[in-house]
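Chemist: File upload.txt follows (compact mmCIF, C-alpha atoms):
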```
# COMPACT_ATOMS: atom_id res chain seq x y z
CA MET E 8 11.01 -2.10 -4.27
CA HIS E 9 9.23 -2.31 -0.94
CA GLU E 10 10.91 -5.57 0.04
CA TYR E 11 13.46 -3.68 2.14
CA SER E 12 10.72 -2.03 4.15
CA ILE E 13 9.07 -5.42 4.66
CA VAL E 14 12.35 -6.93 5.85
CA GLY E 15 12.78 -3.98 8.22
CA ALA E 16 9.40 -4.76 9.77
CA LEU E 17 10.20 -8.47 9.86
CA VAL E 18 13.54 -8.00 11.64
CA ASP E 19 11.85 -5.79 14.26
CA GLN E 20 9.26 -8.50 14.82
CA VAL E 21 11.90 -11.22 15.18
CA GLU E 22 13.84 -9.05 17.59
CA ARG E 23 10.76 -8.66 19.78
CA VAL E 24 10.18 -12.43 19.80
CA ALA E 25 13.84 -13.08 20.59
CA ILE E 26 13.82 -10.66 23.52
CA GLU E 27 10.57 -12.12 24.89
CA HIS E 28 12.06 -15.62 24.84
CA ARG E 29 15.52 -14.61 25.91
CA GLY E 30 16.80 -16.04 22.66
CA ALA E 31 20.50 -15.48 22.12
CA ILE E 32 20.97 -16.35 18.49
CA VAL E 33 18.24 -16.59 15.92
CA ARG E 34 18.91 -19.44 13.51
CA ARG E 35 15.86 -19.59 11.29
CA VAL E 36 13.04 -17.25 10.44
CA HIS E 37 10.04 -18.91 8.81
CA VAL E 38 7.70 -16.71 6.81
CA GLN E 39 4.61 -17.44 4.79
CA ILE E 40 4.17 -15.30 1.71
CA GLY E 41 0.91 -15.36 -0.23
CA GLU E 42 0.88 -15.68 -3.98
CA TYR E 43 -0.79 -12.24 -4.19
CA ALA E 44 1.00 -10.62 -1.27
CA GLY E 45 2.78 -8.37 -3.73
CA VAL E 46 6.19 -9.59 -2.66
CA GLU E 47 8.90 -10.84 -4.99
CA LEU E 48 10.50 -13.79 -3.21
CA ALA E 49 13.95 -13.38 -4.78
CA LEU E 50 14.00 -9.71 -3.79
CA LEU E 51 12.83 -10.59 -0.30
CA ARG E 52 15.74 -13.01 0.09
CA THR E 53 18.22 -10.44 -1.19
CA ALA E 54 16.78 -7.78 1.08
CA PHE E 55 16.99 -10.12 4.09
CA GLU E 56 20.61 -11.02 3.35
CA THR E 57 21.54 -7.37 3.03
CA PHE E 58 19.58 -6.18 6.02
CA ARG E 59 20.28 -8.92 8.57
CA ALA E 60 23.88 -7.86 9.35
CA GLN E 61 24.12 -6.24 12.78
CA THR E 62 20.62 -7.29 13.68
CA VAL E 63 19.28 -10.17 15.73
CA CYS E 64 18.96 -12.02 12.41
CA ALA E 65 22.65 -11.77 11.51
CA LEU E 66 23.13 -15.55 11.66
CA ALA E 67 19.61 -16.51 10.64
CA ASP E 68 18.37 -18.17 7.48
CA LEU E 69 15.14 -17.01 5.93
CA VAL E 70 12.82 -19.92 5.15
CA ILE E 71 10.05 -18.89 2.78
CA ASP E 72 6.86 -20.87 2.49
CA ALA E 73 4.90 -19.75 -0.58
CA VAL E 74 1.20 -20.06 0.19
CA PRO E 75 -2.05 -19.16 -1.57
CA GLY E 76 -3.84 -15.89 -0.81
CA ASP E 77 -2.51 -12.39 -0.28
CA ASP E 78 -1.28 -12.37 3.29
CA MET E 79 2.29 -12.42 4.57
CA THR E 80 3.11 -13.59 8.03
CA LEU E 81 5.98 -14.35 10.33
CA ALA E 82 5.15 -17.97 11.13
CA ARG E 83 7.93 -19.21 13.37
CA VAL E 84 11.32 -18.30 14.78
CA GLU E 85 13.95 -20.88 15.71
CA MET E 86 16.62 -19.69 18.08
CA GLU E 87 19.25 -20.78 20.51
CA VAL E 88 18.33 -20.07 24.10
CA PRO E 89 21.11 -19.99 26.70
CA ASP E 90 21.04 -22.62 29.44
CA VAL E 91 19.35 -21.27 32.51
CA MET H 19 21.30 -30.55 20.16
CA CYS H 20 22.41 -27.77 17.90
CA GLU H 21 21.72 -28.94 14.37
CA ASP H 22 24.28 -26.73 12.75
CA CYS H 23 27.53 -27.68 14.40
CA GLY H 24 26.62 -30.64 16.56
CA CYS H 25 28.27 -29.08 19.59
CA GLY H 26 25.48 -30.23 21.83
CA ASP H 27 25.65 -27.12 23.98
CA THR H 28 22.54 -25.34 22.90
CA GLU H 29 19.10 -26.34 21.92
CA LEU H 30 17.05 -24.68 19.28
CA VAL H 31 13.81 -23.34 20.59
CA SER H 32 11.03 -22.93 18.09
CA VAL H 33 8.52 -20.16 18.76
CA GLU H 34 5.28 -20.01 16.82
CA VAL H 35 4.40 -16.40 16.01
CA HIS H 36 1.87 -16.28 13.14
CA GLU H 37 1.65 -12.52 13.01
CA ARG H 38 1.32 -10.44 9.86
CA ILE H 39 4.70 -9.00 8.91
CA LEU H 40 3.16 -5.56 8.47
CA ALA H 41 1.26 -5.83 11.77
CA GLY H 42 2.85 -2.57 12.95
CA ASN H 43 1.58 -0.71 9.89
CA ASP H 44 -1.83 -2.41 10.18
CA LYS H 45 -2.16 -1.27 13.77
CA LEU H 46 -1.43 2.36 12.93
CA ALA H 47 -3.75 2.16 9.91
CA ALA H 48 -6.55 0.86 12.12
CA HIS H 49 -5.96 3.80 14.44
CA LEU H 50 -6.20 6.23 11.49
CA ARG H 51 -9.35 4.51 10.20
CA GLU H 52 -10.99 4.84 13.59
CA HIS H 53 -10.23 8.58 13.63
CA PHE H 54 -11.47 9.14 10.08
CA VAL H 55 -14.76 7.37 10.74
CA GLU H 56 -15.25 9.10 14.08
CA ALA H 57 -14.70 12.52 12.46
CA GLY H 58 -17.01 11.68 9.54
CA VAL H 59 -14.20 11.93 6.98
CA LEU H 60 -14.24 9.68 3.92
CA ALA H 61 -10.62 8.63 3.34
CA ILE H 62 -9.67 7.38 -0.11
CA ASN H 63 -6.34 5.80 -1.07
CA LEU H 64 -5.86 6.86 -4.69
CA MET H 65 -3.25 4.82 -6.49
CA GLY H 66 -2.02 4.36 -10.06
CA SER H 67 0.99 4.67 -12.34
CA PRO H 68 2.90 7.93 -12.61
CA GLY H 69 0.95 10.02 -15.10
CA ALA H 70 -2.29 8.03 -14.78
CA GLY H 71 -4.15 11.26 -14.06
CA LYS H 72 -4.64 11.01 -10.29
CA THR H 73 -4.10 14.71 -9.66
CA ALA H 74 -6.22 15.73 -12.65
CA VAL H 75 -9.14 13.64 -11.36
CA LEU H 76 -8.90 15.36 -7.98
CA GLU H 77 -8.81 18.78 -9.66
CA GLN H 78 -11.98 17.92 -11.58
CA THR H 79 -13.57 16.53 -8.43
CA ALA H 80 -13.03 19.85 -6.64
CA LYS H 81 -14.30 21.77 -9.65
CA ALA H 82 -17.46 19.68 -9.92
CA LEU H 83 -18.20 20.04 -6.21
CA GLY H 84 -17.71 23.78 -6.38
CA GLY H 85 -17.02 24.07 -2.65
CA ARG H 86 -20.09 22.03 -1.63
CA LEU H 87 -17.87 19.63 0.33
CA ARG H 88 -14.60 20.27 2.10
CA LEU H 89 -11.80 18.35 0.41
CA GLY H 90 -8.34 17.61 1.67
CA ALA H 91 -5.43 15.62 0.34
CA VAL H 92 -1.92 14.47 0.95
CA SER H 93 0.07 13.58 -2.11
CA GLY H 94 3.11 11.36 -2.05
CA ASP H 95 5.95 11.89 -4.46
CA LEU H 96 9.64 11.13 -4.41
CA ALA H 97 10.38 14.83 -4.86
CA THR H 98 8.72 18.23 -5.42
CA ASP H 99 5.48 19.76 -4.16
CA ARG H 100 4.02 20.07 -7.68
CA ASP H 101 0.94 17.92 -7.09
CA GLY H 102 0.31 19.59 -3.75
CA ALA H 103 0.48 23.02 -5.42
CA ARG H 104 -1.95 21.91 -8.16
CA LEU H 105 -4.39 20.55 -5.57
CA ARG H 106 -4.24 23.72 -3.49
CA ALA H 107 -4.85 25.81 -6.61
CA ALA H 108 -7.97 23.69 -7.17
CA GLY H 109 -9.23 24.56 -3.69
CA ILE H 110 -8.20 21.36 -1.95
CA GLN H 111 -6.42 21.65 1.38
CA ALA H 112 -3.31 19.72 0.43
CA SER H 113 0.03 18.77 1.87
CA THR H 114 2.85 16.88 0.21
CA ILE H 115 4.75 13.88 1.53
CA THR H 116 8.11 13.71 -0.21
CA THR H 117 9.26 10.16 0.25
CA GLY H 118 12.85 10.56 -0.97
CA SER H 119 13.34 7.15 -2.48
CA ALA H 120 10.43 5.23 -0.96
CA CYS H 121 8.09 3.83 -3.58
CA HIS H 122 4.90 3.92 -1.49
CA LEU H 123 3.20 5.60 1.43
CA ASP H 124 2.75 3.78 4.70
CA ALA H 125 0.48 4.48 7.64
CA LYS H 126 3.19 6.34 9.56
CA LEU H 127 3.89 8.76 6.69
CA VAL H 128 0.17 9.50 6.41
CA HIS H 129 -0.16 9.84 10.17
CA ASP H 130 2.70 12.35 10.29
CA ALA H 131 1.29 14.28 7.31
CA LEU H 132 -2.04 14.69 9.09
CA HIS H 133 -0.36 17.13 11.46
CA HIS H 134 -0.20 19.57 8.53
CA VAL H 135 -3.82 19.21 7.45
CA LYS H 136 -6.96 20.23 9.35
CA TRP H 137 -8.38 16.84 8.49
CA ARG H 138 -11.11 16.76 11.13
CA ASP H 139 -12.92 19.58 9.35
CA LEU H 140 -13.00 17.71 6.05
CA ASP H 141 -15.71 15.71 4.31
CA MET H 142 -13.34 13.82 2.05
CA PHE H 143 -9.65 13.15 2.40
CA PHE H 144 -7.67 11.82 -0.56
CA ILE H 145 -4.37 10.09 -0.07
CA GLU H 146 -2.74 10.42 -3.46
CA ASN H 147 -0.20 7.65 -3.32
CA VAL H 148 3.20 7.54 -5.01
CA GLY H 149 2.79 6.77 -8.72
CA ASN H 150 3.48 3.05 -8.80
CA LEU H 151 1.36 -0.01 -9.64
CA VAL H 152 3.19 -2.37 -7.28
CA CYS H 153 4.29 -1.29 -3.82
CA PRO H 154 1.45 0.98 -2.62
CA ALA H 155 -1.06 -1.86 -2.87
CA ILE H 156 0.20 -3.73 0.16
CA TYR H 157 0.13 -0.94 2.75
CA ASP H 158 -3.08 -0.20 4.60
CA LEU H 159 -3.35 3.55 5.21
CA GLY H 160 -6.61 3.58 7.14
CA GLN H 161 -8.64 4.36 4.02
CA ALA H 162 -12.30 3.53 3.54
CA ALA H 163 -11.62 2.45 -0.05
CA ASN H 164 -8.82 1.81 -2.52
CA VAL H 165 -9.22 3.51 -5.87
CA VAL H 166 -6.89 2.81 -8.79
CA ALA H 167 -6.57 5.28 -11.64
CA LEU H 168 -5.76 3.53 -14.91
CA SER H 169 -5.43 5.65 -18.03
CA VAL H 170 -6.55 4.40 -21.42
CA THR H 171 -3.06 5.16 -22.74
CA GLU H 172 -1.44 2.56 -20.48
CA GLY H 173 -2.38 -0.45 -22.58
CA GLU H 174 -5.03 -3.09 -22.26
CA ASP H 175 -3.02 -5.62 -20.27
CA LYS H 176 -1.90 -3.53 -17.27
CA PRO H 177 -4.38 -5.20 -14.86
CA LEU H 178 -3.06 -8.62 -15.86
CA LYS H 179 0.53 -7.50 -15.42
CA TYR H 180 -0.09 -5.89 -12.01
CA PRO H 181 -2.80 -8.10 -10.52
CA VAL H 182 -2.11 -7.35 -6.85
CA MET H 183 -2.98 -3.68 -7.26
CA PHE H 184 -6.27 -4.45 -9.00
CA ARG H 185 -7.17 -7.30 -6.65
CA ARG H 186 -7.19 -4.80 -3.80
CA ALA H 187 -9.07 -2.07 -5.61
CA ASP H 188 -12.64 -1.17 -4.69
CA LEU H 189 -12.94 0.95 -7.81
CA VAL H 190 -10.98 1.51 -11.00
CA LEU H 191 -11.16 4.98 -12.52
CA LEU H 192 -10.51 4.59 -16.22
CA THR H 193 -8.96 7.97 -16.96
CA LYS H 194 -8.18 10.12 -20.00
CA ILE H 195 -11.16 8.84 -21.96
CA ASP H 196 -11.18 12.14 -23.89
CA LEU H 197 -8.15 10.69 -25.71
CA LEU H 198 -9.97 7.60 -26.99
CA PRO H 199 -10.69 8.99 -30.48
CA HIS H 200 -6.94 9.36 -31.00
CA LEU H 201 -5.94 5.94 -29.75
CA ASP H 202 -5.93 2.42 -31.05
CA VAL H 203 -7.12 0.95 -27.78
CA ASP H 204 -9.97 -1.45 -27.05
CA VAL H 205 -11.86 -0.35 -23.94
CA ALA H 206 -13.71 -3.69 -23.82
CA ALA H 207 -10.33 -5.43 -23.56
CA ILE H 208 -9.33 -3.16 -20.65
CA ARG H 209 -12.61 -3.94 -18.89
CA ASP H 210 -12.11 -7.65 -19.53
CA ALA H 211 -8.58 -7.54 -18.08
CA ILE H 212 -9.84 -5.73 -14.97
CA ALA H 213 -12.64 -8.29 -14.51
CA ARG H 214 -10.10 -11.12 -14.58
CA VAL H 215 -8.15 -9.82 -11.57
CA MET H 216 -10.59 -7.70 -9.58
CA PRO H 217 -12.89 -9.73 -7.31
CA GLU H 218 -15.87 -7.39 -7.75
CA PRO H 219 -15.09 -5.31 -10.81
CA ARG H 220 -16.31 -1.72 -10.58
CA ILE H 221 -15.15 0.73 -13.22
CA ILE H 222 -15.99 4.38 -13.80
CA ALA H 223 -14.70 6.01 -16.99
CA VAL H 224 -13.66 9.63 -16.50
CA SER H 225 -11.83 12.49 -18.09
CA GLY H 226 -9.80 14.85 -15.96
CA LYS H 227 -9.81 17.22 -18.90
CA THR H 228 -13.48 17.46 -19.87
CA GLY H 229 -15.03 16.33 -16.59
CA GLN H 230 -16.89 13.47 -18.29
CA GLY H 231 -17.82 10.74 -15.79
CA ILE H 232 -16.97 12.90 -12.77
CA GLY H 233 -20.64 12.97 -11.74
CA GLU H 234 -20.71 9.19 -11.47
CA TRP H 235 -17.46 9.27 -9.49
CA LEU H 236 -18.94 11.84 -7.09
CA ALA H 237 -22.02 9.65 -6.59
CA TRP H 238 -19.75 6.70 -5.81
CA LEU H 239 -17.88 8.80 -3.24
CA GLU H 240 -21.05 10.22 -1.68
CA ALA H 241 -22.42 6.71 -1.16
CA ARG H 242 -19.38 5.85 0.93
CA ARG H 243 -19.33 8.83 3.28
CA PRO H 244 -19.44 7.74 6.91
```
What is this file in structure tokens?

Modeler:
Amino acid sequence: MHEYSIVGALVDQVERVAIEHRGAIVRRVHVQIGEYAGVELALLRTAFETFRAQTVCALADLVIDAVPGDDMTLARVEMEVPDV
Amino acid sequence: MCEDCGCGDTELVSVEVHERILAGNDKLAAHLREHFVEAGVLAINLMGSPGAGKTAVLEQTAKALGGRLRLGAVSGDLATDRDGARLRAAGIQASTITTGSACHLDAKLVHDALHHVKWRDLDMFFIENVGNLVCPAIYDLGQAANVVALSVTEGEDKPLKYPVMFRRADLVLLTKIDLLPHLDVDVAAIRDAIARVMPEPRIIAVSGKTGQGIGEWLAWLEARRP
């Protein structure tokens, strides 16, 4: 069950992106998960839902794009940015 | 406009990232790999189910080398130092990483463990991963090669059931072949299953008990030394 450790890494990544872009609230996190990435998508969703509380992803949905290959990437982050 | 509530106050900004989720681990693994190569140490990530015979293969490896090369290891287990103690008794400089509940080793755990091993003086360094055919496969540890130990008692279809592990293997050690006379197992079927999931199938049959096949395994290792 390494999905929790993957989500931990993912949330850290999203947090970095959010800080860089002065994002206030992350709404959607898009990931691409390869068929042979060794990640169970249902477990990944559960892990994300459990882990996101009290993180920058607390109000974010995880959008999973299943792709060929064995890579897994954070593709895109959608967030609300405060008016400057 | 905010798509969720229609309040119109905030706009959603979309940021393209396209970075591997385990980029942090990859970075540390690359750092380890650089150090291993620079110091002339062959690092092997040895994976396989619990009880596949990983420790026994390393014991036989040390025995066959008879001190000709300096061997080191870190072994990952949820609890106990049993494998570490066995490896040290075999003459391998070994340290244990007890992971608690983690099902795999990652680059940071290996990096931290290196502080307890004089790894720069070694010729070969074995990272004996946590016994598990799933999770360890996806973490780069800075190794030169991934080796999967698969025992003949595990059944012919294991490679098909756990394809990710075998897809990433550079070598499969088919272990416990001394047991074959007592088993109703078809080695050709195991080889066939491996060939279906491993891009470039390479299999060495060994026995950690009799030492059979260990010479071929040593030759494979020698050929990969930096």

Chemist: Check every residue of chain H for an atom within 8 Å of chain E, counting only C-alpha atoms, and provide those that qualify as a list in words.

Modeler: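 Listed by rising number, the hits are Thr28, Glu29, Leu30, Val31, Ser32, Val33, Glu34, Val35, His36, Glu37, Arg38, Ile39, Leu40, Gly42, Ala120, Cys121, His122, Val152, Cys153, Ala155, Ile156, Pro181 and Val182 of chain H.
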
Chemist: Figure out the distance between atom CA of Trp235 of chain H and atom CA of Ile212 of chain H, please, to one decimal in Å.

Modeler: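 It comes out at 17.7 Å.
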
Chemist: To one decimal place in Å, what is the distance between atom CA of Leu178 of chain H and atom CA of Leu236 of chain H?

Modeler: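 A separation of 27.3 Å between them.
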
Chemist: Expressed in Å to a single decimal, how great is the separation between atom CA of His200 of chain H and atom CA of Pro68 of chain H?

Modeler: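 Calculated distance between atom CA of His200 of chain H and atom CA of Pro68 of chain H is 20.9 Å.
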
Chemist: Can you tell me, as a ChimeraX atom specification, what residues are no more than 12 Å from Asp204 of chain H when counting only C-alpha atoms, ignoring any on the same chain fewer than 5 positions away?

Modeler: /H:170-175,195,198-199,209-211

Chemist: Can you sort out the box for segment 76-81 of chain E, edges along x, y and z, all listed atoms in, 6 Å on every side, with centre and edge lengths in Å to one decimal, as AutoDock Vina command-line options?

Modeler:
```
--center_x 1.1 --center_y -14.1 --center_z 4.8 --size_x 21.8 --size_y 15.5 --size_z 23.1
```

Chemist: Which of these residues is nearest to Ile208 of chain H, using all atoms listed in the file: H:Lys176, H:Asp95, H:Thr193, H:Ala223?

Modeler: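 Distance minimum relative to Ile208 of chain H lands on H:Lys176.
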
Chemist: Kindly complete segment 49-67 of chain E to N, CA and C atoms; the output should be written as a PDB file, in the frame of the given file.

Modeler:
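Heads up, here's the output in rebuild_36.pdb:
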```
ATOM      1  N   ALA E  49      12.498 -13.529  -4.586  1.00  0.00           N
ATOM      2  CA  ALA E  49      13.950 -13.380  -4.780  1.00  0.00           C
ATOM      3  C   ALA E  49      14.426 -12.064  -4.168  1.00  0.00           C
ATOM      4  N   LEU E  50      13.631 -11.014  -4.357  1.00  0.00           N
ATOM      5  CA  LEU E  50      14.000  -9.710  -3.790  1.00  0.00           C
ATOM      6  C   LEU E  50      13.931  -9.734  -2.276  1.00  0.00           C
ATOM      7  N   LEU E  51      12.963 -10.485  -1.753  1.00  0.00           N
ATOM      8  CA  LEU E  51      12.830 -10.590  -0.300  1.00  0.00           C
ATOM      9  C   LEU E  51      14.070 -11.255   0.290  1.00  0.00           C
ATOM     10  N   ARG E  52      14.525 -12.324  -0.382  1.00  0.00           N
ATOM     11  CA  ARG E  52      15.740 -13.010   0.090  1.00  0.00           C
ATOM     12  C   ARG E  52      16.936 -12.073   0.051  1.00  0.00           C
ATOM     13  N   THR E  53      17.101 -11.371  -1.063  1.00  0.00           N
ATOM     14  CA  THR E  53      18.220 -10.440  -1.190  1.00  0.00           C
ATOM     15  C   THR E  53      18.149  -9.368  -0.115  1.00  0.00           C
ATOM     16  N   ALA E  54      16.952  -8.843   0.086  1.00  0.00           N
ATOM     17  CA  ALA E  54      16.780  -7.780   1.080  1.00  0.00           C
ATOM     18  C   ALA E  54      17.130  -8.302   2.475  1.00  0.00           C
ATOM     19  N   PHE E  55      16.716  -9.528   2.769  1.00  0.00           N
ATOM     20  CA  PHE E  55      16.990 -10.120   4.090  1.00  0.00           C
ATOM     21  C   PHE E  55      18.504 -10.284   4.285  1.00  0.00           C
ATOM     22  N   GLU E  56      19.162 -10.804   3.242  1.00  0.00           N
ATOM     23  CA  GLU E  56      20.610 -11.020   3.350  1.00  0.00           C
ATOM     24  C   GLU E  56      21.366  -9.719   3.537  1.00  0.00           C
ATOM     25  N   THR E  57      20.876  -8.669   2.920  1.00  0.00           N
ATOM     26  CA  THR E  57      21.540  -7.370   3.030  1.00  0.00           C
ATOM     27  C   THR E  57      21.267  -6.747   4.401  1.00  0.00           C
ATOM     28  N   PHE E  58      20.056  -6.900   4.843  1.00  0.00           N
ATOM     29  CA  PHE E  58      19.580  -6.180   6.020  1.00  0.00           C
ATOM     30  C   PHE E  58      19.969  -6.853   7.335  1.00  0.00           C
ATOM     31  N   ARG E  59      20.173  -8.177   7.297  1.00  0.00           N
ATOM     32  CA  ARG E  59      20.280  -8.920   8.570  1.00  0.00           C
ATOM     33  C   ARG E  59      21.560  -8.599   9.353  1.00  0.00           C
ATOM     34  N   ALA E  60      22.634  -8.153   8.657  1.00  0.00           N
ATOM     35  CA  ALA E  60      23.880  -7.860   9.350  1.00  0.00           C
ATOM     36  C   ALA E  60      23.619  -6.881  10.486  1.00  0.00           C
ATOM     37  N   GLN E  61      24.253  -7.098  11.598  1.00  0.00           N
ATOM     38  CA  GLN E  61      24.120  -6.240  12.780  1.00  0.00           C
ATOM     39  C   GLN E  61      22.698  -6.158  13.317  1.00  0.00           C
ATOM     40  N   THR E  62      21.920  -7.194  13.027  1.00  0.00           N
ATOM     41  CA  THR E  62      20.620  -7.290  13.680  1.00  0.00           C
ATOM     42  C   THR E  62      20.574  -8.654  14.372  1.00  0.00           C
ATOM     43  N   VAL E  63      19.466  -8.905  15.038  1.00  0.00           N
ATOM     44  CA  VAL E  63      19.280 -10.170  15.730  1.00  0.00           C
ATOM     45  C   VAL E  63      19.250 -11.333  14.730  1.00  0.00           C
ATOM     46  N   CYS E  64      19.057 -10.997  13.456  1.00  0.00           N
ATOM     47  CA  CYS E  64      18.960 -12.020  12.410  1.00  0.00           C
ATOM     48  C   CYS E  64      20.297 -12.268  11.697  1.00  0.00           C
ATOM     49  N   ALA E  65      21.368 -11.709  12.212  1.00  0.00           N
ATOM     50  CA  ALA E  65      22.650 -11.770  11.510  1.00  0.00           C
ATOM     51  C   ALA E  65      23.050 -13.192  11.105  1.00  0.00           C
ATOM     52  N   LEU E  66      22.725 -14.168  11.961  1.00  0.00           N
ATOM     53  CA  LEU E  66      23.130 -15.550  11.660  1.00  0.00           C
ATOM     54  C   LEU E  66      21.935 -16.412  11.252  1.00  0.00           C
ATOM     55  N   ALA E  67      20.845 -15.759  10.917  1.00  0.00           N
ATOM     56  CA  ALA E  67      19.610 -16.510  10.640  1.00  0.00           C
ATOM     57  C   ALA E  67      19.414 -16.752   9.146  1.00  0.00           C
TER      58      ALA E  67
END
```
